[in-house]
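Text of the file start-v7.csv, holding CSV, C-alpha atoms:
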chain,number,residue,atom,x,y,z
A,355,MET,CA,10.6,-25.8,3.3
A,356,LYS,CA,10.3,-22.1,2.5
A,357,HIS,CA,7.0,-20.3,2.6
A,358,ARG,CA,6.2,-19.4,-1.1
A,359,ILE,CA,4.8,-16.0,-1.7
A,360,VAL,CA,3.6,-15.2,-5.2
A,361,VAL,CA,2.7,-11.7,-6.3
A,362,LEU,CA,0.6,-11.4,-9.4
A,363,GLY,CA,1.2,-8.0,-11.1
A,364,ALA,CA,4.0,-5.4,-10.6
A,365,GLY,CA,2.1,-2.2,-10.8
A,366,TYR,CA,2.2,0.3,-8.0
A,367,ALA,CA,0.5,-2.0,-5.5
A,368,GLY,CA,2.2,-5.3,-6.5
A,369,ALA,CA,5.7,-3.8,-6.7
A,370,TYR,CA,5.3,-2.1,-3.3
A,371,VAL,CA,4.1,-5.3,-1.6
A,372,ALA,CA,6.8,-7.5,-3.1
A,373,GLY,CA,9.7,-5.1,-2.3
A,374,ASN,CA,8.5,-4.5,1.3
A,375,LEU,CA,8.0,-8.2,2.0
A,376,ALA,CA,11.5,-9.0,0.6
A,377,ARG,CA,13.1,-6.5,2.9
A,378,ARG,CA,11.2,-7.5,6.1
A,379,LEU,CA,11.1,-11.3,5.8
A,380,SER,CA,14.1,-13.6,6.1
A,381,PRO,CA,15.1,-15.2,2.8
A,382,ALA,CA,15.9,-18.3,4.9
A,383,ASP,CA,12.2,-18.9,5.4
A,384,THR,CA,10.5,-17.3,2.4
A,385,GLY,CA,10.7,-17.2,-1.3
A,386,ILE,CA,9.0,-14.4,-3.3
A,387,THR,CA,8.1,-14.5,-6.9
A,388,VAL,CA,6.6,-11.7,-8.9
A,389,VAL,CA,4.7,-12.5,-12.1
A,390,ASN,CA,4.2,-9.6,-14.6
A,391,ALA,CA,3.2,-9.6,-18.2
A,392,GLU,CA,5.7,-6.9,-19.2
A,393,PRO,CA,9.4,-6.7,-18.2
A,394,ASP,CA,9.1,-3.0,-17.4
A,395,PHE,CA,7.3,-1.0,-14.7
A,396,VAL,CA,4.5,1.0,-16.2
A,397,GLN,CA,3.7,4.4,-14.8
A,398,ARG,CA,0.0,4.2,-15.2
A,399,LEU,CA,-0.4,7.7,-13.7
A,400,ARG,CA,1.4,9.1,-16.8
A,401,LEU,CA,0.0,7.0,-19.6
A,402,HIS,CA,-2.1,9.9,-20.8
A,403,GLN,CA,1.1,11.8,-21.2
A,404,LEU,CA,2.8,8.9,-23.0
A,405,ALA,CA,-0.2,8.8,-25.5
A,406,ALA,CA,0.1,12.6,-26.0
A,407,GLY,CA,3.7,12.3,-27.0
A,408,ARG,CA,5.9,12.7,-23.9
A,409,GLN,CA,8.8,10.4,-23.1
A,410,ILE,CA,8.0,8.4,-19.9
A,411,ASP,CA,10.5,6.4,-18.0
A,412,ALA,CA,9.8,2.6,-17.8
A,413,PRO,CA,12.3,1.1,-15.4
A,414,ARG,CA,13.1,-2.6,-16.0
A,415,LEU,CA,11.6,-4.7,-13.2
A,416,ALA,CA,14.8,-6.8,-13.1
A,417,ASP,CA,16.6,-3.6,-12.1
A,418,VAL,CA,13.9,-2.6,-9.6
A,419,PHE,CA,14.1,-6.0,-7.8
A,420,ALA,CA,17.9,-6.4,-8.1
A,421,GLY,CA,19.4,-7.3,-4.8
A,422,THR,CA,16.1,-8.0,-3.1
A,423,GLY,CA,16.1,-11.7,-3.6
A,424,ILE,CA,12.8,-11.5,-5.5
A,425,ARG,CA,12.4,-13.8,-8.5
A,426,LEU,CA,10.8,-12.1,-11.5
A,427,ARG,CA,8.7,-14.2,-13.9
A,428,VAL,CA,7.8,-12.2,-17.1
A,429,ALA,CA,4.6,-14.1,-18.1
A,430,ARG,CA,0.9,-13.7,-18.4
A,431,VAL,CA,-1.4,-15.2,-15.7
A,432,THR,CA,-3.9,-17.5,-17.4
A,433,ALA,CA,-5.6,-19.1,-14.4
A,434,VAL,CA,-5.6,-19.3,-10.6
A,435,ASP,CA,-6.5,-22.5,-8.7
A,436,PRO,CA,-6.9,-21.6,-5.0
A,437,ASP,CA,-7.9,-25.1,-4.0
A,438,ARG,CA,-4.6,-26.4,-5.3
A,439,ARG,CA,-2.8,-23.1,-4.4
A,440,ALA,CA,-1.4,-22.9,-8.0
A,441,VAL,CA,-1.2,-20.3,-10.7
A,442,ALA,CA,-1.0,-21.1,-14.4
A,443,VAL,CA,1.2,-18.7,-16.5
A,444,ALA,CA,2.0,-18.4,-20.2
A,445,ASP,CA,5.3,-17.0,-21.6
A,446,ALA,CA,7.6,-17.2,-24.6
A,447,GLU,CA,8.7,-20.7,-23.5
A,448,GLY,CA,5.1,-22.0,-23.3
A,449,GLY,CA,4.4,-21.2,-19.6
A,450,GLY,CA,3.9,-23.5,-16.7
A,451,GLU,CA,2.5,-23.5,-13.1
A,452,LEU,CA,3.6,-21.8,-9.9
A,453,GLY,CA,2.7,-23.1,-6.5
A,454,TYR,CA,2.1,-20.7,-3.6
A,455,ASP,CA,1.4,-20.7,0.1
A,456,THR,CA,0.4,-17.0,0.1
A,457,LEU,CA,-0.9,-15.2,-3.0
A,458,VAL,CA,-1.0,-11.5,-3.5
A,459,TYR,CA,-3.4,-10.6,-6.3
A,460,ALA,CA,-2.5,-7.3,-7.8
A,461,LEU,CA,-3.4,-7.6,-11.5
A,462,GLY,CA,-5.1,-4.2,-11.6
A,463,SER,CA,-7.8,-3.0,-14.0
A,464,HIS,CA,-8.2,-2.2,-17.7
A,465,GLY,CA,-10.4,0.1,-19.7
A,466,ASP,CA,-14.1,-1.0,-19.7
A,467,ASP,CA,-15.3,-0.9,-23.3
A,468,ARG,CA,-17.8,-3.7,-23.1
A,469,ALA,CA,-21.1,-1.9,-22.8
A,470,VAL,CA,-21.1,0.2,-26.0
A,471,PRO,CA,-21.0,-1.3,-29.4
A,472,GLY,CA,-17.9,-0.6,-31.4
A,473,ALA,CA,-15.9,0.8,-28.5
A,474,ALA,CA,-13.6,-2.3,-28.2
A,475,GLU,CA,-13.1,-2.4,-32.0
A,476,HIS,CA,-12.6,1.2,-32.8
A,477,ALA,CA,-11.6,3.2,-29.7
A,478,PHE,CA,-8.3,3.5,-28.0
A,479,ASP,CA,-7.8,3.2,-24.2
A,480,ILE,CA,-4.9,4.4,-22.1
A,481,ALA,CA,-5.1,1.9,-19.2
A,482,ALA,CA,-2.1,-0.1,-20.5
A,483,ARG,CA,1.2,0.9,-22.1
A,484,PRO,CA,0.6,-0.9,-25.4
A,485,SER,CA,-2.7,0.7,-26.0
A,486,ALA,CA,-1.4,4.1,-25.0
A,487,LEU,CA,1.4,3.7,-27.6
A,488,ARG,CA,-1.1,2.7,-30.3
A,489,LEU,CA,-3.0,5.9,-29.6
A,490,ARG,CA,0.3,7.9,-29.7
A,491,ALA,CA,1.1,6.4,-33.1
A,492,ARG,CA,-2.4,7.3,-34.3
A,493,LEU,CA,-2.0,10.9,-33.1
A,494,ASP,CA,1.4,11.1,-34.9
A,495,ASP,CA,-0.3,10.0,-38.1
A,496,LEU,CA,-3.0,12.7,-37.7
A,497,GLU,CA,-0.4,15.4,-37.4
A,498,LYS,CA,1.5,14.1,-40.4
A,499,PRO,CA,-1.2,12.6,-42.6
A,500,GLU,CA,-0.3,10.6,-45.7
A,501,LYS,CA,-1.0,12.4,-48.9
A,502,GLY,CA,-4.7,12.0,-49.9
A,503,GLU,CA,-5.7,10.7,-46.4
A,504,GLU,CA,-9.4,11.5,-45.7
A,505,ARG,CA,-10.1,12.8,-42.2
A,506,ALA,CA,-13.3,12.5,-40.4
A,507,GLY,CA,-13.6,16.2,-39.7
A,508,GLY,CA,-12.5,17.2,-43.2
A,509,GLY,CA,-9.7,19.5,-41.8
A,510,SER,CA,-7.4,19.2,-38.8
A,511,GLY,CA,-7.5,15.8,-37.1
A,512,THR,CA,-10.3,15.3,-34.6
A,513,VAL,CA,-10.0,13.5,-31.3
A,514,VAL,CA,-13.0,12.5,-29.2
A,515,VAL,CA,-12.4,11.6,-25.6
A,516,VAL,CA,-15.3,9.7,-24.1
A,517,GLY,CA,-15.6,9.8,-20.3
A,518,ASP,CA,-15.5,12.7,-17.9
A,519,GLY,CA,-13.7,11.1,-15.0
A,520,LEU,CA,-10.2,12.1,-14.0
A,521,THR,CA,-8.6,10.0,-16.7
A,522,GLY,CA,-10.8,11.5,-19.4
A,523,ILE,CA,-10.1,15.1,-18.2
A,524,GLU,CA,-6.4,14.5,-18.0
A,525,THR,CA,-6.3,12.9,-21.4
A,526,ALA,CA,-8.3,15.6,-23.2
A,527,THR,CA,-6.3,18.5,-21.7
A,528,GLU,CA,-2.9,16.8,-22.2
A,529,ILE,CA,-3.6,16.0,-25.9
A,530,ALA,CA,-5.0,19.5,-26.5
A,531,GLU,CA,-1.9,21.1,-25.0
A,532,SER,CA,0.7,18.8,-26.5
A,533,ARG,CA,-0.9,18.7,-30.0
A,534,PRO,CA,-2.6,22.1,-30.6
A,535,GLY,CA,-3.1,21.3,-34.3
A,536,LEU,CA,-5.7,18.6,-33.4
A,537,SER,CA,-9.3,19.3,-32.5
A,538,VAL,CA,-10.2,17.7,-29.1
A,539,THR,CA,-13.8,17.1,-27.8
A,540,LEU,CA,-14.5,15.7,-24.3
A,541,VAL,CA,-17.9,13.9,-24.0
A,542,ALA,CA,-19.3,14.0,-20.4
A,543,ARG,CA,-22.2,11.8,-19.4
A,544,GLY,CA,-23.1,14.3,-16.7
A,545,GLU,CA,-21.8,17.6,-15.6
A,546,LEU,CA,-18.1,18.2,-16.3
A,547,GLY,CA,-16.2,17.7,-13.0
A,548,ALA,CA,-19.3,16.7,-11.1
A,549,ARG,CA,-17.2,15.4,-8.2
A,550,LEU,CA,-15.3,18.7,-7.8
A,551,SER,CA,-16.3,21.8,-5.8
A,552,GLU,CA,-18.1,24.6,-7.6
A,553,ALA,CA,-15.0,26.7,-7.7
A,554,ALA,CA,-12.9,23.8,-9.0
A,555,ARG,CA,-15.5,23.1,-11.7
A,556,ALA,CA,-15.2,26.7,-12.9
A,557,HIS,CA,-11.4,26.4,-13.0
A,558,LEU,CA,-11.7,23.2,-15.1
A,559,ARG,CA,-14.1,24.9,-17.5
A,560,ARG,CA,-11.6,27.8,-17.9
A,561,ALA,CA,-8.8,25.4,-18.6
A,562,CYS,CA,-10.8,23.6,-21.3
A,563,ASP,CA,-11.6,26.9,-22.9
A,564,ARG,CA,-8.0,28.0,-22.8
A,565,LEU,CA,-6.8,24.8,-24.4
A,566,GLY,CA,-9.6,24.7,-27.0
A,567,VAL,CA,-11.2,21.5,-25.7
A,568,THR,CA,-14.9,21.3,-26.7
A,569,VAL,CA,-17.0,19.9,-23.9
A,570,LEU,CA,-20.3,18.1,-24.5
A,571,GLU,CA,-22.1,17.6,-21.2
A,572,HIS,CA,-25.1,15.3,-20.4
A,573,THR,CA,-24.3,13.3,-23.5
A,574,VAL,CA,-24.5,9.5,-23.7
A,575,VAL,CA,-22.5,7.6,-26.3
A,576,GLU,CA,-24.4,4.7,-27.7
A,577,ALA,CA,-22.0,3.5,-30.4
A,578,VAL,CA,-18.5,4.0,-31.8
A,579,GLU,CA,-17.6,3.6,-35.4
A,580,ALA,CA,-14.3,3.8,-37.3
A,581,GLN,CA,-14.6,7.6,-37.9
A,582,ARG,CA,-17.7,8.5,-35.9
A,583,VAL,CA,-19.2,8.6,-32.4
A,584,LEU,CA,-22.9,8.2,-32.2
A,585,CYS,CA,-24.8,9.8,-29.3
A,586,ALA,CA,-28.2,8.9,-27.8
A,587,ASP,CA,-29.6,12.3,-28.5
A,588,GLY,CA,-28.8,12.0,-32.3
A,589,THR,CA,-25.5,13.9,-32.2
A,590,VAL,CA,-22.9,12.4,-34.6
A,591,LEU,CA,-19.3,13.4,-33.8
A,592,ALA,CA,-16.7,13.0,-36.5
A,593,SER,CA,-13.6,11.3,-35.0
A,594,ASP,CA,-10.2,10.3,-36.4
A,595,ALA,CA,-9.3,8.9,-33.0
A,596,THR,CA,-11.7,8.0,-30.3
A,597,VAL,CA,-10.3,7.6,-26.8
A,598,TRP,CA,-12.3,5.5,-24.4
A,599,THR,CA,-12.0,6.5,-20.7
A,600,ALA,CA,-15.6,5.8,-19.5
A,601,GLY,CA,-14.8,3.5,-16.6
A,602,PHE,CA,-12.5,0.7,-15.7
A,603,ALA,CA,-13.0,-3.0,-15.1
A,604,VAL,CA,-10.9,-5.9,-13.7
A,605,GLY,CA,-10.2,-9.2,-15.5
A,606,PRO,CA,-12.2,-12.4,-15.0
A,607,LEU,CA,-9.5,-14.5,-13.5
A,608,ALA,CA,-10.6,-14.0,-9.8
A,609,ALA,CA,-14.2,-14.8,-10.6
A,610,ALA,CA,-13.2,-17.9,-12.7
A,611,ALA,CA,-11.1,-19.1,-9.8
A,612,GLY,CA,-14.1,-19.2,-7.4
A,613,LEU,CA,-13.0,-16.3,-5.2
A,614,GLU,CA,-15.8,-14.2,-3.8
A,615,VAL,CA,-16.0,-11.1,-6.0
A,616,THR,CA,-18.2,-8.1,-6.6
A,617,GLY,CA,-20.4,-7.7,-9.7
A,618,ASP,CA,-17.5,-5.9,-11.4
A,619,GLY,CA,-15.0,-8.7,-10.6
A,620,ARG,CA,-13.1,-7.2,-7.7
A,621,ILE,CA,-12.0,-9.5,-4.9
A,622,VAL,CA,-14.0,-8.9,-1.7
A,623,VAL,CA,-11.5,-8.6,1.2
A,624,ASP,CA,-11.6,-8.0,4.9
A,625,ARG,CA,-9.8,-5.3,6.8
A,626,ALA,CA,-6.5,-7.2,6.4
A,627,MET,CA,-6.9,-7.3,2.6
A,628,ARG,CA,-7.5,-11.1,2.8
A,629,SER,CA,-10.1,-12.7,0.5
A,630,VAL,CA,-13.2,-13.4,2.6
A,631,SER,CA,-13.5,-16.7,0.8
A,632,HIS,CA,-9.9,-17.8,0.5
A,633,PRO,CA,-7.8,-16.4,3.4
A,634,ASP,CA,-4.4,-17.4,1.9
A,635,VAL,CA,-5.1,-14.9,-0.9
A,636,HIS,CA,-4.6,-11.1,-0.4
A,637,ALA,CA,-5.9,-8.6,-3.0
A,638,VAL,CA,-4.5,-5.1,-3.4
A,639,GLY,CA,-5.0,-2.1,-5.6
A,640,ASP,CA,-7.7,-2.0,-8.2
A,641,SER,CA,-8.2,-5.8,-7.9
A,642,ALA,CA,-9.6,-5.4,-4.3
A,643,TYR,CA,-13.0,-4.4,-3.1
A,644,ALA,CA,-12.0,-2.8,0.3
A,645,LEU,CA,-14.0,-0.6,2.6
A,646,GLY,CA,-12.2,2.5,3.8
A,647,ASP,CA,-12.1,3.8,7.3
A,648,ASN,CA,-15.3,5.8,6.4
A,649,GLY,CA,-17.2,2.7,5.6
A,650,LEU,CA,-17.2,3.4,1.8
A,651,PRO,CA,-15.5,1.4,-0.9
A,652,LEU,CA,-12.0,2.7,-1.8
A,653,PRO,CA,-12.0,3.9,-5.4
A,654,MET,CA,-9.7,2.5,-8.0
A,655,SER,CA,-6.7,4.8,-7.7
A,656,CYS,CA,-3.0,5.0,-7.1
A,657,ALA,CA,-3.6,6.3,-3.6
A,658,SER,CA,-5.8,3.2,-2.8
A,659,ALA,CA,-3.0,1.0,-4.2
A,660,GLY,CA,-0.7,2.4,-1.6
A,661,TYR,CA,-3.1,2.1,1.3
A,662,THR,CA,-4.2,-1.5,0.5
A,663,GLY,CA,-0.6,-2.5,-0.3
A,664,ARG,CA,0.6,-1.3,3.1
A,665,GLN,CA,-2.2,-3.1,5.0
A,666,ALA,CA,-1.5,-6.3,3.0
A,667,VAL,CA,2.2,-6.2,3.9
A,668,GLU,CA,1.4,-5.8,7.6
A,669,ALA,CA,-1.1,-8.5,7.5
A,670,ILE,CA,1.2,-11.0,5.8
A,671,LEU,CA,4.0,-10.1,8.1
A,672,GLY,CA,1.8,-10.6,11.2
A,673,ARG,CA,0.4,-13.8,10.0
A,674,LEU,CA,3.7,-15.4,9.1
A,675,THR,CA,5.7,-14.2,12.1
A,676,GLY,CA,2.9,-14.7,14.7
A,677,SER,CA,2.8,-11.0,15.6
A,678,GLU,CA,-0.1,-8.6,16.0
A,679,ILE,CA,-1.5,-7.2,12.8
A,680,PRO,CA,-1.9,-3.4,13.0
A,681,HIS,CA,-4.6,-1.6,11.1
A,682,THR,CA,-3.0,0.9,8.8
A,683,ARG,CA,-5.0,3.9,7.4
A,684,LEU,CA,-7.5,3.2,4.6
A,685,GLU,CA,-8.7,6.6,3.4
A,686,TYR,CA,-9.2,8.7,0.3
A,687,VAL,CA,-8.2,12.3,0.9
A,688,GLY,CA,-8.7,13.9,-2.5
A,689,ASN,CA,-8.3,14.2,-6.3
A,690,HIS,CA,-5.2,15.4,-8.0
A,691,ILE,CA,-5.8,16.3,-11.6
A,692,SER,CA,-3.3,17.5,-14.2
A,693,LEU,CA,-4.6,19.9,-16.9
A,694,GLY,CA,-1.6,19.7,-19.2
A,695,ARG,CA,1.8,20.5,-17.9
A,696,ARG,CA,1.3,23.9,-16.4
A,697,ASP,CA,-2.1,23.7,-14.8
A,698,GLY,CA,-3.9,21.4,-12.4
A,699,ILE,CA,-6.5,21.0,-9.6
A,700,LEU,CA,-6.0,19.7,-6.1
A,701,GLN,CA,-9.4,18.9,-4.6
A,702,LEU,CA,-9.6,17.6,-1.0
A,703,VAL,CA,-12.6,15.7,0.1
A,704,ASP,CA,-14.3,15.2,3.5
A,705,GLY,CA,-14.8,12.0,5.4
A,706,GLN,CA,-17.6,10.9,3.1
A,707,GLY,CA,-15.7,11.5,-0.1
A,708,ARG,CA,-17.5,14.8,-0.9
A,709,ALA,CA,-15.5,17.7,-2.3
A,710,LYS,CA,-14.6,20.4,0.2
A,711,PRO,CA,-15.5,24.0,-0.9
A,712,THR,CA,-12.0,25.2,-1.5
A,713,TYR,CA,-9.4,23.8,-3.9
A,714,LEU,CA,-5.9,24.6,-5.2
A,715,GLY,CA,-5.4,25.3,-8.9
A,716,GLY,CA,-2.9,26.5,-11.4
A,717,ARG,CA,0.8,25.9,-11.6
A,718,LYS,CA,1.2,25.0,-7.9
A,719,ALA,CA,-1.4,22.3,-8.2
A,720,ALA,CA,0.4,21.0,-11.3
A,721,ARG,CA,3.7,20.9,-9.4
A,722,ILE,CA,2.2,19.0,-6.5
A,723,LYS,CA,0.7,16.4,-9.0
A,724,ALA,CA,4.1,16.1,-10.7
A,725,GLY,CA,5.8,15.6,-7.4
A,726,ILE,CA,3.3,12.9,-6.4
A,727,VAL,CA,4.1,11.1,-9.7
A,728,ARG,CA,7.8,11.4,-9.2
A,729,MET,CA,7.6,10.1,-5.6
A,730,SER,CA,5.5,7.2,-6.8
A,731,LEU,CA,8.1,6.2,-9.3
A,732,TRP,CA,11.0,6.7,-6.9
A,733,GLY,CA,9.3,4.6,-4.3
A,734,THR,CA,8.8,1.8,-6.9
A,735,GLU,CA,12.4,2.0,-8.0
A,736,HIS,CA,13.6,1.8,-4.4
A,737,PRO,CA,11.2,-0.7,-2.8
A,738,THR,CA,13.3,-1.4,0.3
A,739,PHE,CA,14.4,2.2,1.1
A,740,GLY,CA,13.9,3.1,4.8
A,741,LEU,CA,12.8,-0.3,5.9
A,742,PRO,CA,14.3,-2.1,8.8
A,743,LYS,CA,17.4,-4.1,7.9
A,744,ARG,CA,16.6,-7.0,10.3
A,745,ARG,CA,14.5,-9.5,8.5
A,746,ARG,CA,12.0,-11.4,10.5
A,747,ARG,CA,11.8,-15.2,10.7
A,748,VAL,CA,8.6,-17.1,9.9
A,749,ALA,CA,6.9,-18.8,12.8
A,750,ALA,CA,7.1,-22.5,13.1
A,751,VAL,CA,3.4,-22.8,12.6
A,752,VAL,CA,1.7,-20.4,10.3
A,753,PRO,CA,-2.0,-19.8,11.3
A,754,ALA,CA,-4.6,-20.3,8.7

Final structure tokens representation of the file:
Amino acid sequence: MKHRIVVLGAGYAGAYVAGNLARRLSPADTGITVVNAEPDFVQRLRLHQLAAGRQIDAPRLADVFAGTGIRLRVARVTAVDPDRRAVAVADAEGGGELGYDTLVYALGSHGDDRAVPGAAEHAFDIAARPSALRLRARLDDLEKPEKGEERAGGGSGTVVVVGDGLTGIETATEIAESRPGLSVTLVARGELGARLSEAARAHLRRACDRLGVTVLEHTVVEAVEAQRVLCADGTVLASDATVWTAGFAVGPLAAAAGLEVTGDGRIVVDRAMRSVSHPDVHAVGDSAYALGDNGLPLPMSCASAGYTGRQAVEAILGRLTGSEIPHTRLEYVGNHISLGRRDGILQLVDGQGRAKPTYLGGRKAARIKAGIVRMSLWGTEHPTFGLPKRRRRVAAVVPA
């Protein structure tokens, strides 16, 4: 009987793991199924650009996995039962259940809008393609308002971006550059670009000034309404479109399944990306709480998805084939921030995740960020490129 590998999620981490395992394991011994809620690959790194109006490629997963032997199941995961080694899914046909021997949990994260009243009902997030497209449609409406439509600001459409992390910065600057007729405000809980070096923070401020982005620092949002954002200091911001980028969260499935998770729901894994409570489950990407080589938790990021995915692949291969499991790198080297299409910041960090004094900014940094995005897409579209052609057989007895 074939060893059943089920991969939940086909984002950067899940697609990478599935493609690599398919190329390196013999199909005579293993069967790989990928479950994803959408039929297309979503370039999450570019969802802020999609929302702002750019056309973003969304390759069909059926084409991505063509010729790999991977079975694609377009469905939504509704439950995981690690005791029975089963996954419940729902799709257009009503759904069903998939059994597994090894599970790769790569369901990623979503915008965290739970803590502030009104955020879930009235704000847009860009952590998923459908929500990014809804924001895009709203911005289109603001630029071409219906006759007699009343705007919150009384003049040009107003956009308020809440959250000063990398996603918030990229979203605010992208919208301001792509849609100069709109008024954009970025609300920062602390100092803008606090994780950057002093010189990089100055560059960021200049970019916001150049693009006309109004920045409110040390401002806490306490409620979101249909056309207003209410701040703890009494400030009331008119808003025709509020974009929520103040943090990310993972879904409740892992916790509900009884896997050991952190307070925010991420699966606690060992150095091999195996769940510390259920060793036949591997977690990768934003779903995993993994410690990097510096002893600090890896942040939710595309870079972390690559590192955790690579380690999970080696761990699964080693376990199934009875070979030694190498330790691949688990590190976070820096932040790459786009500031519209022609500007950016490349900020390297030290071994403790602190910004180094120097940075790279301007068009060169923007080109580097664009190159990283292109390589990420190309790597996803060609999941087996450069891997050994000889597929390894599964050991007669797979260790627990």

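Nearest residue to A:Ala669 among A:Arg560, A:Arg625, A:His632, A:Arg683 is A:Arg625, counting only C-alpha atoms.
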
Q) From the set A:Leu684, A:Ala382, A:Val361, A:Val578, which residue has the shortest atom-to-atom contact distance to A:Asp594, counting all atoms listed in the file? A)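 The shortest atom-to-atom distance to A:Asp594 comes from A:Val578.
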
**Q.** Spatial neighbours of A:Val541, max dist 9 Å, all atoms listed in the file, sep filter under 6 positions, as a PyMOL selection string
**A.** chain A and resi 514-518+522+568-575

Q | Surrounding residues of A:Gly698 excluding itself and chain neighbours under 2 positions, 10 Å, only C-alpha atoms, as a list in words | A |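 Contacts, with the query itself left out: Glu524, Ala554, His557, Leu558, Ala561, His690, Ile691, Ser692, Leu693, Gly694, Arg695, Arg696, Leu700, Gln701, Leu714, Gly715, Gly716, Arg717, Lys718, Ala719, Ala720, Arg721, Ile722, Lys723 and Ala724 of chain A.
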
Q: Figure out the distance between atom CA of A:Ala592 and atom CA of A:Leu540, please, to one decimal in Å.
A: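 Between atom CA of A:Leu540 and atom CA of A:Ala592 the gap is 12.7 Å.
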
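Interatomic distance, atom CA of A:Trp598 against atom CA of A:Leu496: 17.8 Å.
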
(Q) Distance cut-off 12 Å, centre (16.2, -21.3, 6.1) in file coordinates, counting all atoms listed in the file: which residues qualify? Return them as a list in words. (A) Met355, Lys356, His357, Leu379, Ser380, Pro381, Ala382, Asp383, Thr384, Gly385, Arg746, Arg747, Val748, Ala749 and Ala750 of chain A

Emit the selected residues as a PDB file, keeping the file's coordinate frame, including C-alpha atoms.
ATOM      1  CA  MET A 355      10.600 -25.800   3.300  1.00  0.00           C
ATOM      2  CA  LYS A 356      10.300 -22.100   2.500  1.00  0.00           C
ATOM      3  CA  HIS A 357       7.000 -20.300   2.600  1.00  0.00           C
ATOM      4  CA  LEU A 379      11.100 -11.300   5.800  1.00  0.00           C
ATOM      5  CA  SER A 380      14.100 -13.600   6.100  1.00  0.00           C
ATOM      6  CA  PRO A 381      15.100 -15.200   2.800  1.00  0.00           C
ATOM      7  CA  ALA A 382      15.900 -18.300   4.900  1.00  0.00           C
ATOM      8  CA  ASP A 383      12.200 -18.900   5.400  1.00  0.00           C
ATOM      9  CA  THR A 384      10.500 -17.300   2.400  1.00  0.00           C
ATOM     10  CA  GLY A 385      10.700 -17.200  -1.300  1.00  0.00           C
ATOM     11  CA  ARG A 746      12.000 -11.400  10.500  1.00  0.00           C
ATOM     12  CA  ARG A 747      11.800 -15.200  10.700  1.00  0.00           C
ATOM     13  CA  VAL A 748       8.600 -17.100   9.900  1.00  0.00           C
ATOM     14  CA  ALA A 749       6.900 -18.800  12.800  1.00  0.00           C
ATOM     15  CA  ALA A 750       7.100 -22.500  13.100  1.00  0.00           C
TER      16      ALA A 750
END

Q: Can you work out the spacing between atom CA of A:Pro534 and atom CA of A:Val513 in Å, to one decimal?
A: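 So the two atoms, atom CA of A:Pro534 and atom CA of A:Val513, lie 11.4 Å apart.
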
**Q.** For A:Gly462: contacts at 8 Å, all atoms listed in the file, fewer than 5 positions along chain excluded, given as a ChimeraX atom specification
**A.** /A:363,365,604,639-641

Any chance you could model N, CA and C atoms for stretch 482-493 of chain A and send them as a PDB file, keeping the file's coordinate frame?
ATOM      1  N   ALA A 482      -3.307   0.788 -20.390  1.00  0.00           N
ATOM      2  CA  ALA A 482      -2.100  -0.100 -20.500  1.00  0.00           C
ATOM      3  C   ALA A 482      -1.134   0.581 -21.454  1.00  0.00           C
ATOM      4  N   ARG A 483       0.134   0.264 -21.288  1.00  0.00           N
ATOM      5  CA  ARG A 483       1.200   0.900 -22.100  1.00  0.00           C
ATOM      6  C   ARG A 483       1.029   0.571 -23.589  1.00  0.00           C
ATOM      7  N   PRO A 484       0.779  -0.674 -23.994  1.00  0.00           N
ATOM      8  CA  PRO A 484       0.600  -0.900 -25.400  1.00  0.00           C
ATOM      9  C   PRO A 484      -0.467  -0.152 -26.085  1.00  0.00           C
ATOM     10  N   SER A 485      -1.617  -0.036 -25.415  1.00  0.00           N
ATOM     11  CA  SER A 485      -2.700   0.700 -26.000  1.00  0.00           C
ATOM     12  C   SER A 485      -2.441   2.189 -26.043  1.00  0.00           C
ATOM     13  N   ALA A 486      -1.744   2.703 -25.028  1.00  0.00           N
ATOM     14  CA  ALA A 486      -1.400   4.100 -25.000  1.00  0.00           C
ATOM     15  C   ALA A 486      -0.394   4.413 -26.180  1.00  0.00           C
ATOM     16  N   LEU A 487       0.503   3.479 -26.457  1.00  0.00           N
ATOM     17  CA  LEU A 487       1.400   3.700 -27.600  1.00  0.00           C
ATOM     18  C   LEU A 487       0.738   3.598 -28.913  1.00  0.00           C
ATOM     19  N   ARG A 488      -0.298   2.764 -29.009  1.00  0.00           N
ATOM     20  CA  ARG A 488      -1.100   2.700 -30.300  1.00  0.00           C
ATOM     21  C   ARG A 488      -1.782   4.058 -30.498  1.00  0.00           C
ATOM     22  N   LEU A 489      -2.331   4.626 -29.443  1.00  0.00           N
ATOM     23  CA  LEU A 489      -3.000   5.900 -29.600  1.00  0.00           C
ATOM     24  C   LEU A 489      -1.930   6.979 -29.969  1.00  0.00           C
ATOM     25  N   ARG A 490      -0.783   6.921 -29.373  1.00  0.00           N
ATOM     26  CA  ARG A 490       0.300   7.900 -29.700  1.00  0.00           C
ATOM     27  C   ARG A 490       0.639   7.805 -31.190  1.00  0.00           C
ATOM     28  N   ALA A 491       0.772   6.588 -31.706  1.00  0.00           N
ATOM     29  CA  ALA A 491       1.100   6.400 -33.100  1.00  0.00           C
ATOM     30  C   ALA A 491      -0.020   6.991 -34.003  1.00  0.00           C
ATOM     31  N   ARG A 492      -1.269   6.803 -33.578  1.00  0.00           N
ATOM     32  CA  ARG A 492      -2.400   7.300 -34.300  1.00  0.00           C
ATOM     33  C   ARG A 492      -2.363   8.865 -34.350  1.00  0.00           C
ATOM     34  N   LEU A 493      -2.093   9.470 -33.211  1.00  0.00           N
ATOM     35  CA  LEU A 493      -2.000  10.900 -33.100  1.00  0.00           C
ATOM     36  C   LEU A 493      -0.860  11.460 -33.993  1.00  0.00           C
TER      37      LEU A 493
END
